[in-house]
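Reading through the structure tokens given below for one structure.
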Amino acid sequence: MDDACLMTFNTFTFKTEPEMLLHIRFWEDHGKEFFKKLNVNGCTRFCYNRVWNKEGTFKTSALFEYKNSDSFKKCQEIFRSERNSMIKELGSINVIVEASRNIILEDFK
């Protein structure tokens with residue numbers, strides 16, 4: 001049973017398809033290794049998605065689930081420590097990030 005109690009949901013909106021594809025490629029190349037670092041610190045799930053029902057826009061999203069607030073805080077430190085290398089590899093893509101922080105109230109599976 002999944003015991004996650006906190007999640008973040010991020011939407012990434014890109015100006016162009018090539019920028020979106022670069023972002024997708026980044027996560028294809030580095031997502032598994034990045035999740036390993038997060039998982040050790042209490043992130044129980046990472047799910048990266050391409051939004052397909054918004055014609056004419058270029059969007060992806062990411063879902064992260066955490067065991068508790070301490071896990072979330074530890075993982076935020078990982079994000080901060082990895083930020084510069086992410087920016088360096090992604091170059092100057094133009095992306096708008098919308099972030100939601102959520103407490104899971106009900107989860108039917």
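The chains in the structure tokens are called A, B, ... from first to last as shown; in each chain the residues are counted from 1, and the ligands are counted from 1 in the order shown.
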(message) Taking only chain A into account, list the residues labelled strand (DSSP E or B) by DSSP (computed from the backbone), as a VMD selection string.
(response) chain A and resid 6 to 14 43 to 51 58 to 66 95 to 103
(message) Based on the backbone DSSP call, show me all residues of chain A assigned alpha helix (DSSP H), as an MDAnalysis selection string.
(response) chainID A and resid 17:40 69:90
Write out, as a CSV table (one decimal), in the first residue's frame, the residues just selected, with N, CA and C atoms.
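Writing done, so here's out_37.csv:
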```
chain,number,residue,atom,x,y,z
A,17,GLU,N,7.8,23.5,-29.4
A,17,GLU,CA,7.9,22.1,-29.3
A,17,GLU,C,9.3,21.6,-29.1
A,18,PRO,N,10.3,22.2,-29.8
A,18,PRO,CA,11.7,21.7,-29.5
A,18,PRO,C,12.2,21.9,-28.0
A,19,GLU,N,11.7,23.0,-27.4
A,19,GLU,CA,12.0,23.2,-26.0
A,19,GLU,C,11.4,22.1,-25.1
A,20,MET,N,10.1,21.8,-25.4
A,20,MET,CA,9.5,20.7,-24.7
A,20,MET,C,10.2,19.4,-24.9
A,21,LEU,N,10.6,19.1,-26.1
A,21,LEU,CA,11.3,17.8,-26.4
A,21,LEU,C,12.6,17.7,-25.8
A,22,LEU,N,13.3,18.9,-25.6
A,22,LEU,CA,14.6,18.9,-24.9
A,22,LEU,C,14.3,18.5,-23.4
A,23,HIS,N,13.3,19.1,-22.8
A,23,HIS,CA,12.9,18.8,-21.4
A,23,HIS,C,12.6,17.3,-21.3
A,24,ILE,N,11.8,16.8,-22.2
A,24,ILE,CA,11.4,15.4,-22.1
A,24,ILE,C,12.7,14.5,-22.2
A,25,ARG,N,13.6,14.9,-23.1
A,25,ARG,CA,14.8,14.1,-23.3
A,25,ARG,C,15.7,14.1,-22.0
A,26,PHE,N,15.7,15.3,-21.4
A,26,PHE,CA,16.4,15.4,-20.1
A,26,PHE,C,15.9,14.4,-19.1
A,27,TRP,N,14.6,14.3,-18.9
A,27,TRP,CA,14.0,13.4,-17.9
A,27,TRP,C,14.2,12.0,-18.4
A,28,GLU,N,14.1,11.7,-19.7
A,28,GLU,CA,14.4,10.3,-20.1
A,28,GLU,C,15.8,9.9,-19.8
A,29,ASP,N,16.8,10.8,-19.9
A,29,ASP,CA,18.2,10.5,-19.7
A,29,ASP,C,18.5,10.5,-18.2
A,30,HIS,N,17.9,11.3,-17.4
A,30,HIS,CA,18.3,11.5,-16.0
A,30,HIS,C,17.2,11.2,-14.9
A,31,GLY,N,16.0,11.0,-15.3
A,31,GLY,CA,14.9,10.8,-14.4
A,31,GLY,C,15.1,9.6,-13.4
A,32,LYS,N,15.5,8.5,-13.9
A,32,LYS,CA,15.7,7.3,-13.0
A,32,LYS,C,16.8,7.5,-12.0
A,33,GLU,N,17.9,8.1,-12.4
A,33,GLU,CA,19.0,8.4,-11.4
A,33,GLU,C,18.6,9.5,-10.4
A,34,PHE,N,17.9,10.5,-10.9
A,34,PHE,CA,17.4,11.5,-10.0
A,34,PHE,C,16.4,11.0,-9.0
A,35,PHE,N,15.5,10.1,-9.4
A,35,PHE,CA,14.5,9.5,-8.5
A,35,PHE,C,15.2,8.7,-7.5
A,36,LYS,N,16.3,8.0,-7.8
A,36,LYS,CA,17.0,7.2,-6.8
A,36,LYS,C,17.4,8.1,-5.6
A,37,LYS,N,17.9,9.3,-6.0
A,37,LYS,CA,18.4,10.2,-4.9
A,37,LYS,C,17.2,10.7,-4.1
A,38,LEU,N,16.1,11.0,-4.8
A,38,LEU,CA,14.9,11.4,-4.0
A,38,LEU,C,14.3,10.3,-3.2
A,39,ASN,N,14.3,9.1,-3.7
A,39,ASN,CA,13.7,7.9,-3.1
A,39,ASN,C,14.4,7.6,-1.7
A,40,VAL,N,15.7,7.7,-1.7
A,40,VAL,CA,16.5,7.5,-0.5
A,40,VAL,C,16.0,8.5,0.6
A,69,SER,N,6.3,15.3,5.7
A,69,SER,CA,6.8,16.7,5.5
A,69,SER,C,8.3,16.7,5.6
A,70,ASP,N,8.9,15.8,6.4
A,70,ASP,CA,10.4,15.8,6.5
A,70,ASP,C,11.0,15.3,5.2
A,71,SER,N,10.3,14.3,4.6
A,71,SER,CA,10.8,13.7,3.3
A,71,SER,C,10.7,14.8,2.2
A,72,PHE,N,9.6,15.6,2.2
A,72,PHE,CA,9.5,16.7,1.3
A,72,PHE,C,10.6,17.7,1.4
A,73,LYS,N,10.9,18.1,2.7
A,73,LYS,CA,12.0,19.0,2.9
A,73,LYS,C,13.4,18.5,2.5
A,74,LYS,N,13.6,17.2,2.7
A,74,LYS,CA,14.9,16.6,2.3
A,74,LYS,C,15.0,16.6,0.8
A,75,CYS,N,13.9,16.3,0.1
A,75,CYS,CA,13.9,16.3,-1.3
A,75,CYS,C,14.1,17.7,-1.9
A,76,GLN,N,13.5,18.7,-1.3
A,76,GLN,CA,13.7,20.0,-1.8
A,76,GLN,C,15.2,20.4,-1.7
A,77,GLU,N,15.9,19.9,-0.8
A,77,GLU,CA,17.4,20.1,-0.7
A,77,GLU,C,18.1,19.5,-1.9
A,78,ILE,N,17.6,18.3,-2.3
A,78,ILE,CA,18.2,17.6,-3.5
A,78,ILE,C,17.9,18.5,-4.7
A,79,PHE,N,16.7,18.9,-4.9
A,79,PHE,CA,16.3,19.8,-6.0
A,79,PHE,C,17.3,21.0,-6.1
A,80,ARG,N,17.5,21.7,-4.9
A,80,ARG,CA,18.3,22.8,-4.9
A,80,ARG,C,19.8,22.5,-5.3
A,81,SER,N,20.2,21.4,-4.8
A,81,SER,CA,21.6,21.0,-5.0
A,81,SER,C,21.8,20.6,-6.5
A,82,GLU,N,20.8,20.1,-7.2
A,82,GLU,CA,20.9,19.6,-8.6
A,82,GLU,C,20.5,20.8,-9.6
A,83,ARG,N,20.0,21.8,-9.1
A,83,ARG,CA,19.4,22.9,-9.9
A,83,ARG,C,20.4,23.4,-10.9
A,84,ASN,N,21.6,23.7,-10.5
A,84,ASN,CA,22.6,24.3,-11.5
A,84,ASN,C,22.9,23.4,-12.6
A,85,SER,N,23.1,22.1,-12.3
A,85,SER,CA,23.5,21.2,-13.4
A,85,SER,C,22.3,21.0,-14.3
A,86,MET,N,21.0,21.0,-13.8
A,86,MET,CA,19.9,21.0,-14.6
A,86,MET,C,19.8,22.2,-15.6
A,87,ILE,N,20.0,23.3,-15.0
A,87,ILE,CA,20.0,24.6,-15.9
A,87,ILE,C,21.1,24.5,-16.9
A,88,LYS,N,22.2,24.1,-16.5
A,88,LYS,CA,23.3,24.0,-17.5
A,88,LYS,C,23.0,23.0,-18.7
A,89,GLU,N,22.4,21.9,-18.4
A,89,GLU,CA,22.1,20.9,-19.4
A,89,GLU,C,20.9,21.4,-20.3
A,90,LEU,N,19.9,22.0,-19.6
A,90,LEU,CA,18.7,22.4,-20.4
A,90,LEU,C,18.9,23.7,-21.1
```
(request) Please provide the set of residues having any atom within 7 Å of region 45-52 of chain A, restricted to only C-alpha atoms, with same-chain residues fewer than 3 positions apart removed, written as a PyMOL selection string. (result) chain A and resi 35+59-65
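You can rank A:Phe58, A:Gly91, A:Asn41, A:Asn102 by their closest distance to Leu6 (chain A) using only C-alpha atoms, and at the top of that list sits A:Asn102.
The space separating CA of Gly56 (chain A) from CA of Asn94 (chain A) comes to 16.3 Å.
Between CA of Ile96 (chain A) and CA of Met7 (chain A) there is a distance of 19.6 Å.
Minimum atom-to-atom distance to Ile104 (chain A), evaluated using only C-alpha atoms, belongs to A:Asn68 out of A:Ser92, A:Asn68, A:Thr11, A:Thr57.
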